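J.: If it helps, the file is called my_file-v3.tsv and holds TSV, C-alpha atoms:
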chain	number	residue	atom	x	y	z
E	25	MET	CA	-34.82	6.27	8.84
E	26	SER	CA	-34.42	5.89	12.62
E	27	ASN	CA	-31.52	3.87	13.99
E	28	GLY	CA	-32.18	2.03	17.25
E	29	GLY	CA	-31.91	3.39	20.76
E	30	LEU	CA	-29.18	4.71	23.01
E	31	ARG	CA	-26.03	2.56	22.90
E	32	PHE	CA	-22.87	2.35	25.02
E	33	ILE	CA	-19.94	0.57	23.35
E	34	VAL	CA	-16.75	-0.32	25.23
E	35	VAL	CA	-13.47	0.26	23.38
E	36	LYS	CA	-11.55	-2.96	22.75
E	37	GLU	CA	-7.80	-3.39	23.27
E	38	ASP	CA	-7.21	-3.57	19.54
E	39	ASP	CA	-8.77	-0.11	19.08
E	40	ASP	CA	-6.70	1.60	21.77
E	41	GLY	CA	-5.29	4.89	20.46
E	42	GLN	CA	-7.51	5.03	17.38
E	43	ARG	CA	-9.18	8.27	16.25
E	44	LEU	CA	-12.83	8.42	17.31
E	45	ASP	CA	-14.14	9.25	13.83
E	46	ARG	CA	-12.43	6.16	12.39
E	47	TRP	CA	-13.71	4.03	15.26
E	48	ILE	CA	-17.27	5.21	14.59
E	49	LYS	CA	-16.92	4.37	10.91
E	50	LYS	CA	-15.93	0.84	11.93
E	51	TYR	CA	-18.47	0.16	14.70
E	52	VAL	CA	-21.36	2.38	13.63
E	53	PRO	CA	-21.09	2.05	9.82
E	54	ASP	CA	-24.65	3.28	9.23
E	55	MET	CA	-23.89	6.68	10.80
E	56	PRO	CA	-22.91	9.16	8.06
E	57	TYR	CA	-19.68	11.07	8.75
E	58	VAL	CA	-21.40	14.45	8.54
E	59	LEU	CA	-23.97	13.36	11.10
E	60	ALA	CA	-21.26	11.99	13.43
E	61	GLN	CA	-19.51	15.38	13.39
E	62	LYS	CA	-22.78	17.13	14.15
E	63	LEU	CA	-23.56	14.84	17.10
E	64	MET	CA	-20.05	15.37	18.51
E	65	ARG	CA	-20.39	19.16	18.25
E	66	LYS	CA	-23.67	18.96	20.17
E	67	GLY	CA	-22.09	16.73	22.82
E	68	GLN	CA	-24.42	13.81	22.09
E	69	ILE	CA	-21.55	11.43	21.35
E	70	ARG	CA	-19.36	11.15	24.45
E	71	ALA	CA	-16.47	9.07	25.83
E	72	ASP	CA	-16.84	8.21	29.54
E	73	GLY	CA	-19.32	11.08	29.78
E	74	LYS	CA	-16.91	13.67	28.33
E	75	ARG	CA	-17.28	15.71	25.17
E	76	VAL	CA	-15.19	14.58	22.21
E	77	LYS	CA	-13.98	15.68	18.77
E	78	PRO	CA	-13.48	13.64	15.59
E	79	ASP	CA	-9.70	13.44	16.19
E	80	THR	CA	-10.01	12.41	19.85
E	81	ARG	CA	-7.85	9.34	20.55
E	82	ILE	CA	-9.90	6.71	22.35
E	83	VAL	CA	-8.54	4.42	25.08
E	84	MET	CA	-9.18	0.76	25.79
E	85	GLY	CA	-12.00	0.35	28.29
E	86	GLN	CA	-13.64	3.71	27.54
E	87	GLU	CA	-17.39	3.69	27.12
E	88	ILE	CA	-18.56	5.48	23.99
E	89	LYS	CA	-22.10	6.83	24.07
E	90	ILE	CA	-23.93	6.57	20.73
E	91	PRO	CA	-27.35	8.28	20.77
E	92	PRO	CA	-30.32	7.27	18.59
E	93	PHE	CA	-30.03	9.00	15.22
E	94	ASP	CA	-31.95	9.55	12.01
E	95	VAL	CA	-30.45	8.97	8.59
E	96	ILE	CA	-31.93	11.25	5.94
E	97	ALA	CA	-32.03	8.90	2.96
E	98	SER	CA	-32.92	11.71	0.55
E	99	ASP	CA	-29.60	13.46	1.24
E	100	ARG	CA	-26.96	11.88	-1.03
E	101	SER	CA	-24.11	12.83	1.30
E	102	GLU	CA	-25.77	10.84	4.09
E	103	LYS	CA	-27.01	7.74	2.28
E	104	ILE	CA	-26.22	4.43	3.92
E	105	LYS	CA	-23.47	2.67	2.03
E	106	GLN	CA	-24.04	-1.04	2.12
E	107	LYS	CA	-20.76	-2.88	2.56
E	108	PRO	CA	-20.29	-5.52	-0.16
E	109	LYS	CA	-20.76	-9.03	1.14
E	110	ILE	CA	-17.68	-11.26	1.30
E	111	THR	CA	-18.28	-14.25	-0.97
E	112	ASP	CA	-16.76	-17.73	-0.95
E	113	ASP	CA	-14.85	-16.72	-4.07
E	114	ASP	CA	-13.42	-13.72	-2.19
E	115	VAL	CA	-12.30	-16.00	0.65
E	116	ALA	CA	-10.59	-18.41	-1.75
E	117	PHE	CA	-9.00	-15.55	-3.68
E	118	MET	CA	-7.58	-13.75	-0.62
E	119	ARG	CA	-6.29	-17.01	0.85
E	120	SER	CA	-4.51	-17.73	-2.44
E	121	LEU	CA	-2.53	-14.49	-2.08
E	122	VAL	CA	-0.99	-15.39	1.31
E	123	ILE	CA	2.79	-15.98	1.12
E	124	TYR	CA	3.55	-15.64	4.85
E	125	GLU	CA	1.42	-15.80	7.98
E	126	ASP	CA	1.92	-15.97	11.73
E	127	GLU	CA	-0.06	-14.78	14.77
E	128	ASP	CA	1.04	-11.17	14.21
E	129	VAL	CA	1.70	-10.61	10.50
E	130	ILE	CA	0.21	-11.62	7.16
E	131	ALA	CA	1.99	-11.01	3.84
E	132	LEU	CA	0.11	-11.09	0.56
E	133	ASN	CA	1.41	-11.25	-3.00
E	134	LYS	CA	-0.89	-8.60	-4.48
E	135	PRO	CA	-1.68	-9.03	-8.16
E	136	CYS	CA	-1.51	-6.24	-10.71
E	137	ASP	CA	-4.73	-4.29	-11.46
E	138	LEU	CA	-6.15	-4.78	-7.96
E	139	ALA	CA	-6.32	-1.64	-5.81
E	140	VAL	CA	-5.21	-1.72	-2.19
E	141	GLN	CA	-7.98	0.67	-1.08
E	142	GLY	CA	-11.29	1.84	-2.50
E	143	GLY	CA	-12.17	5.05	-4.29
E	144	THR	CA	-14.93	6.69	-6.30
E	145	LYS	CA	-14.72	4.16	-9.13
E	146	THR	CA	-13.07	1.32	-7.22
E	147	LYS	CA	-15.49	-1.20	-5.73
E	148	ARG	CA	-13.25	-4.25	-5.35
E	149	HIS	CA	-10.03	-3.82	-3.39
E	150	ILE	CA	-7.81	-5.54	-0.83
E	151	ASP	CA	-8.98	-3.40	2.10
E	152	GLY	CA	-12.58	-4.35	1.43
E	153	MET	CA	-11.83	-8.07	1.71
E	154	LEU	CA	-9.66	-8.14	4.84
E	155	GLU	CA	-12.55	-9.61	6.85
E	156	VAL	CA	-11.44	-12.92	5.38
E	157	PHE	CA	-8.59	-12.91	7.91
E	158	GLN	CA	-10.48	-11.79	11.03
E	159	ASP	CA	-9.68	-13.73	14.20
E	160	GLU	CA	-12.01	-15.42	16.70
E	161	GLU	CA	-12.62	-12.10	18.46
E	162	GLY	CA	-13.64	-10.42	15.22
E	163	VAL	CA	-10.44	-8.35	14.88
E	164	VAL	CA	-9.70	-7.62	11.23
E	165	PRO	CA	-6.05	-7.17	10.12
E	166	ARG	CA	-5.05	-3.71	8.93
E	167	LEU	CA	-2.86	-2.39	6.15
E	168	VAL	CA	0.51	-0.96	7.18
E	169	HIS	CA	1.71	0.27	3.78
E	170	ARG	CA	0.47	0.61	0.20
E	171	LEU	CA	1.21	-0.46	-3.36
E	172	ASP	CA	0.02	1.23	-6.54
E	173	LYS	CA	-2.82	-0.56	-8.30
E	174	ASP	CA	-0.56	-1.43	-11.24
E	175	THR	CA	2.29	-2.68	-9.01
E	176	SER	CA	2.26	-6.30	-7.86
E	177	GLY	CA	4.05	-7.89	-4.94
E	178	ILE	CA	4.37	-7.95	-1.16
E	179	LEU	CA	1.71	-6.23	0.92
E	180	LEU	CA	1.96	-6.46	4.72
E	181	LEU	CA	-0.97	-6.71	7.12
E	182	ALA	CA	-0.86	-6.38	10.90
E	183	ARG	CA	-3.16	-8.55	13.02
E	184	SER	CA	-3.39	-6.00	15.86
E	185	ALA	CA	-3.14	-2.28	16.51
E	186	LYS	CA	0.09	-2.79	18.48
E	187	CYS	CA	1.67	-4.75	15.65
E	188	ALA	CA	0.59	-2.07	13.16
E	189	ARG	CA	2.24	0.61	15.30
E	190	GLU	CA	5.49	-1.36	15.55
E	191	LEU	CA	5.56	-1.95	11.80
E	192	GLY	CA	4.81	1.74	11.26
E	193	PHE	CA	7.81	2.65	13.43
E	194	ALA	CA	10.02	0.25	11.46
E	195	PHE	CA	9.02	1.83	8.14
E	196	LYS	CA	9.44	5.34	9.56
E	197	LYS	CA	12.89	4.56	11.01
E	198	ARG	CA	13.86	2.95	7.68
E	199	GLU	CA	14.57	-0.43	9.22
E	200	VAL	CA	12.78	-2.11	6.32
E	201	ARG	CA	14.67	-3.15	3.18
E	202	LYS	CA	12.19	-3.07	0.29
E	203	ILE	CA	13.51	-4.59	-2.92
E	204	TYR	CA	11.51	-4.10	-6.09
E	205	TRP	CA	12.15	-5.82	-9.39
E	206	ALA	CA	11.48	-4.01	-12.64
E	207	VAL	CA	12.12	-4.13	-16.35
E	208	VAL	CA	13.07	-0.68	-17.62
E	209	SER	CA	13.68	0.60	-21.12
E	210	PRO	CA	16.17	1.61	-22.35
E	211	THR	CA	19.02	0.16	-20.27
E	212	PRO	CA	20.43	2.80	-17.87
E	213	GLU	CA	23.81	4.29	-18.75
E	214	ALA	CA	25.17	3.63	-15.24
E	215	TYR	CA	24.63	0.10	-13.94
E	216	GLU	CA	24.27	1.02	-10.26
E	217	GLY	CA	23.94	4.05	-8.05
E	218	SER	CA	21.87	6.23	-5.75
E	219	ILE	CA	19.17	8.57	-7.00
E	220	LYS	CA	18.55	11.63	-4.85
E	221	ALA	CA	15.78	13.73	-6.35
E	222	PRO	CA	12.97	15.43	-4.35
E	223	ILE	CA	9.41	14.64	-5.41
E	224	VAL	CA	6.19	16.64	-5.25
E	225	LYS	CA	2.69	16.31	-6.66
E	226	SER	CA	2.25	18.03	-10.03
E	227	THR	CA	-0.02	21.08	-10.08
E	228	GLY	CA	-1.05	20.27	-13.64
E	229	ASP	CA	-1.98	16.62	-13.03
E	230	TYR	CA	-2.85	15.80	-9.42
E	231	GLU	CA	-2.32	12.07	-10.04
E	232	LYS	CA	1.23	12.59	-11.29
E	233	MET	CA	4.41	13.26	-9.31
E	234	ILE	CA	7.33	15.35	-10.54
E	235	ILE	CA	10.87	16.16	-9.46
E	236	ASP	CA	11.12	19.62	-7.91
E	237	GLU	CA	14.39	20.71	-6.29
E	238	GLU	CA	12.73	23.58	-4.41
E	239	ASP	CA	9.36	22.29	-3.23
E	240	GLY	CA	9.80	18.51	-3.47
E	241	LYS	CA	10.15	16.12	-0.51
E	242	TYR	CA	13.45	14.30	-0.04
E	243	ALA	CA	13.52	10.99	-1.93
E	244	LEU	CA	16.34	8.43	-2.16
E	245	THR	CA	16.38	5.32	-4.35
E	246	GLU	CA	19.20	2.77	-4.69
E	247	TYR	CA	19.30	0.79	-7.92
E	248	ALA	CA	21.35	-1.97	-9.54
E	249	VAL	CA	21.13	-3.42	-13.05
E	250	ILE	CA	21.00	-7.21	-12.72
E	251	GLU	CA	20.91	-8.14	-16.43
E	252	ASN	CA	20.31	-6.34	-19.69
E	253	ALA	CA	19.08	-7.21	-23.18
E	254	GLY	CA	21.46	-4.92	-25.03
E	255	ARG	CA	20.32	-1.33	-25.06
E	256	ALA	CA	16.63	-2.24	-25.34
E	257	ALA	CA	15.80	-3.21	-21.75
E	258	ALA	CA	17.23	-4.14	-18.37
E	259	PHE	CA	16.24	-6.12	-15.30
E	260	VAL	CA	16.79	-3.66	-12.47
E	261	ALA	CA	16.47	-4.00	-8.70
E	262	PHE	CA	15.33	-0.88	-6.83
E	263	TRP	CA	15.45	-0.10	-3.12
E	264	PRO	CA	13.37	3.00	-2.32
E	265	ARG	CA	14.82	4.16	0.99
E	266	THR	CA	12.07	6.74	1.28
E	267	GLY	CA	8.42	6.07	0.54
E	268	ARG	CA	7.25	8.84	-1.77
E	269	THR	CA	4.29	8.27	-4.07
E	270	HIS	CA	5.39	6.73	-7.40
E	271	GLN	CA	9.01	7.17	-6.28
E	272	ILE	CA	10.62	4.37	-8.33
E	273	ARG	CA	8.62	5.25	-11.43
E	274	VAL	CA	9.52	8.94	-11.29
E	275	HIS	CA	13.20	8.36	-10.50
E	276	ALA	CA	13.55	5.72	-13.22
E	277	SER	CA	11.94	7.87	-15.89
E	278	GLU	CA	13.13	11.36	-14.98
E	279	VAL	CA	16.63	10.64	-13.62
E	280	LEU	CA	17.75	7.42	-15.30
E	281	GLY	CA	15.88	8.13	-18.52
E	282	SER	CA	14.71	4.51	-18.35
E	283	ALA	CA	10.98	4.20	-17.76
E	284	VAL	CA	9.43	1.09	-16.22
E	285	LEU	CA	8.17	-1.02	-19.10
E	286	GLY	CA	4.40	-0.67	-19.51
E	287	ASP	CA	4.17	2.49	-17.37
E	288	ARG	CA	1.80	4.77	-19.25
E	289	LYS	CA	2.04	7.63	-16.79
E	290	TYR	CA	5.81	8.08	-16.64
E	291	ARG	CA	7.61	7.58	-19.94
E	292	ALA	CA	11.13	8.62	-20.90
E	293	VAL	CA	11.47	11.32	-23.57
E	294	LYS	CA	10.96	9.94	-27.07
E	295	ASP	CA	13.80	10.17	-29.63
E	296	GLU	CA	14.89	8.20	-32.68
E	297	GLU	CA	16.79	5.63	-30.58
E	298	SER	CA	13.81	4.96	-28.34
E	299	LYS	CA	11.60	4.37	-31.39
E	300	LEU	CA	14.03	1.71	-32.59
E	301	ILE	CA	14.06	0.15	-29.12
E	302	ASP	CA	10.25	0.10	-29.04
E	303	ALA	CA	10.30	-1.66	-32.40
E	304	ASP	CA	12.68	-4.32	-31.05
E	305	LEU	CA	10.49	-4.93	-27.99
E	306	ALA	CA	7.30	-5.02	-30.04
E	307	GLY	CA	8.24	-8.44	-31.40
E	308	MET	CA	8.70	-10.00	-27.96
E	309	ASP	CA	6.18	-11.91	-25.86
E	310	LEU	CA	5.82	-9.36	-23.05
E	311	ALA	CA	3.10	-8.91	-20.44
E	312	LYS	CA	0.57	-6.15	-21.13
E	313	ARG	CA	1.13	-4.42	-17.80
E	314	MET	CA	3.58	-2.32	-15.82
E	315	HIS	CA	6.71	-4.36	-15.09
E	316	LEU	CA	7.17	-3.35	-11.45
E	317	HIS	CA	6.98	-5.90	-8.63
E	318	ALA	CA	7.57	-5.59	-4.87
E	319	HIS	CA	9.75	-8.69	-4.68
E	320	ARG	CA	11.27	-8.82	-1.19
E	321	LEU	CA	10.92	-7.34	2.30
E	322	ILE	CA	13.55	-7.73	5.01
E	323	LEU	CA	12.62	-6.29	8.41
E	324	PRO	CA	12.75	-6.98	12.17
E	325	HIS	CA	9.73	-8.94	13.36
E	326	PRO	CA	7.42	-6.37	14.97
E	327	MET	CA	6.51	-8.53	17.98
E	328	LYS	CA	9.36	-11.05	18.35
E	329	HIS	CA	12.59	-9.39	19.44
E	330	GLY	CA	15.65	-10.63	17.58
E	331	GLN	CA	13.70	-12.36	14.80
E	332	VAL	CA	14.02	-11.11	11.22
E	333	LEU	CA	11.35	-11.50	8.57
E	334	ASP	CA	12.66	-12.11	5.05
E	335	ILE	CA	9.66	-12.44	2.74
E	336	ILE	CA	9.80	-13.04	-1.01
E	337	ALA	CA	6.92	-12.69	-3.46
E	338	PRO	CA	7.51	-14.74	-6.63
E	339	LEU	CA	6.83	-13.13	-9.98
E	340	SER	CA	3.39	-13.77	-11.44
E	341	ALA	CA	3.09	-15.96	-14.54
E	342	ASP	CA	2.78	-12.98	-16.92
E	343	LEU	CA	5.95	-11.37	-15.56
E	344	VAL	CA	7.83	-14.69	-15.72
E	345	LYS	CA	6.91	-14.74	-19.40
E	346	SER	CA	8.46	-11.28	-19.89
E	347	TRP	CA	11.61	-12.18	-17.94
E	348	LYS	CA	12.09	-15.32	-20.03
E	349	SER	CA	11.41	-13.51	-23.31
E	350	LEU	CA	14.13	-10.99	-22.49
E	351	GLY	CA	16.55	-13.68	-21.32
E	352	PHE	CA	16.46	-12.61	-17.66
E	353	ASP	CA	16.70	-14.92	-14.64
E	354	HIS	CA	13.28	-14.83	-12.93
E	355	LYS	CA	14.70	-16.98	-10.09
E	356	TYR	CA	17.52	-14.58	-9.23
E	357	LYS	CA	18.23	-14.99	-5.50
E	358	GLN	CA	20.89	-12.45	-4.52
E	359	ASP	CA	20.40	-9.18	-2.66
E	360	PRO	CA	22.24	-6.57	-4.76
E	361	PHE	CA	22.15	-4.15	-1.84
E	362	GLU	CA	23.53	-6.45	0.88
E	363	ASP	CA	26.69	-4.31	1.25
E	364	LEU	CA	24.70	-1.13	1.88
E	365	ASP	CA	23.74	0.01	5.37
Could you render the structure as structure tokens?
T.:
Amino acid sequence: MSNGGLRFIVVKEDDDGQRLDRWIKKYVPDMPYVLAQKLMRKGQIRADGKRVKPDTRIVMGQEIKIPPFDVIASDRSEKIKQKPKITDDDVAFMRSLVIYEDEDVIALNKPCDLAVQGGTKTKRHIDGMLEVFQDEEGVVPRLVHRLDKDTSGILLLARSAKCARELGFAFKKREVRKIYWAVVSPTPEAYEGSIKAPIVKSTGDYEKMIIDEEDGKYALTEYAVIENAGRAAAFVAFWPRTGRTHQIRVHASEVLGSAVLGDRKYRAVKDEESKLIDADLAGMDLAKRMHLHAHRLILPHPMKHGQVLDIIAPLSADLVKSWKSLGFDHKYKQDPFEDLD
């Protein structure tokens, strides 16, 4: 399959500083990655007449030369992947998730069971529907952080590359206060504290993280028990100061011995007491999901000096049901970490 003639595409301001291979994926979506690498090696893809590599950072105003190319449809690795069409239902759905919006930032209240990005078996995801929010110039907002598929709550989007960079700096410099709400079981022995336990990916299960004092990456989580239902369960607020994969879930289960309710991957060690606790919870009207929710983000506005964003994502109806069943206040308004720097 032949694809057009010679093209010259000028880099927009919003794409300034982006890697060339990612830019090609965005603006020449029918060019397979393997073919793009090959054309760069041969010098057929150029920026302002100069040879480039996949990790070359492009600059606003540069002219990218895209030669005619053939897509070999019989080669599975180079088949054209048709991007799913955005439907009216997708538009309505994504708009319903918006909890904050200005000219620079969008905040969504992501539901449980919806992935942030795609994968081998994931066809519907937030990243694939961001076109809903594109501006008049066709610029699509970009993700600046992630949430696990089974975790609900606040997800930030940046409307420009500059805004994304500023938000990235804020997360990196730990200027963002991220408060998660969770129900854990059983109730932790200590009602507040700091968890310092390094985390690394398990060699036995690549999708699971473990605590490893020697090879793990530094991870710090603040926590505070807000309310408890006896020994069976507790409403706990977590502030992950670092952003390791599955950090709250690992720290809760492995350090506190109190796994997030509904978390099938990380469960506290079973004993006779935990079996009795499970029996007590079995009679309650609880949501059939992981009880972890990104409830609040407090951070400096990335583009408006001196302005602070304080965004709250209300609990979904199924989590409200769980909170009420356990006698917890789903409208709790305080910041349990306000005295911490």
J.: Find the spatial neighbours of E:Asp72, counting only C-alpha atoms, within a cut-off of 9 Å - ignore same-chain residues fewer than 5 positions away - and output them as a PyMOL selection string.
T.: chain E and resi 86-89
J.: Could you turn the residues from that selection into a file that holds C-alpha atoms, as a CSV table (one decimal), in the frame of the given file?
T.:
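The new file result.csv reads:
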chain,number,residue,atom,x,y,z
E,86,GLN,CA,-13.6,3.7,27.5
E,87,GLU,CA,-17.4,3.7,27.1
E,88,ILE,CA,-18.6,5.5,24.0
E,89,LYS,CA,-22.1,6.8,24.1
J.: Quick one, how far is atom CA of E:Ser346 from atom CA of E:Arg148?
T.: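 Going from atom CA of E:Ser346 over to atom CA of E:Arg148, I get 27.1 Å.
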J.: Grab the atom CA of E:Lys220 to atom CA of E:Pro264 distance for me, in Å with one decimal place.
T.: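 So the two atoms, atom CA of E:Lys220 and atom CA of E:Pro264, lie 10.4 Å apart.
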J.: Using all atoms listed in the file, which residue out of E:Ile123, E:Leu171, E:Asp128, E:Val156 lies closest to E:Lys109?
T.: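 So, comparing all the options, the nearest one is E:Val156.
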J.: In Å, how far is it from atom CA of E:Glu160 to atom CA of E:Glu127?
T.: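 Interatomic distance here is 12.1 Å.
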J.: Which of these residues is nearest to E:Pro324, using all atoms listed in the file: E:Cys187, E:Ala311, E:Leu121, E:Val284?
T.: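 Ranking E:Cys187, E:Ala311, E:Leu121, E:Val284 by distance to E:Pro324, first place goes to E:Cys187.
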J.: Would you please work out which residue, of E:Cys136, E:Ile110, E:Ile178, E:Val207, is nearest to E:Glu155 when using only C-alpha atoms?
T.: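 Of E:Cys136, E:Ile110, E:Ile178, E:Val207, the one nearest E:Glu155, counting only C-alpha atoms, is E:Ile110.
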J.: Have a look at E:Glu190, E:Trp47, E:Val52, E:Val260 and name the one nearest to E:His329; count only C-alpha atoms.
T.: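 When distances to E:His329 are compared using only C-alpha atoms, the smallest one comes from E:Glu190.
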J.: At a cut-off of 12 Å, using all atoms listed in the file, what residues contact E:Met327? Leave out same-chain residues fewer than 6 positions from it and give the result as a PyMOL selection string.
T.: chain E and resi 126-129+182-191+194+333
J.: Choose the residue, out of E:Asp40, E:Glu213, E:Ala116, E:Leu350, that has the smallest atom-to-atom separation from E:Met84; count all atoms listed in the file.
T.: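 Looking at the shortest contact to E:Met84, the residue is E:Asp40.
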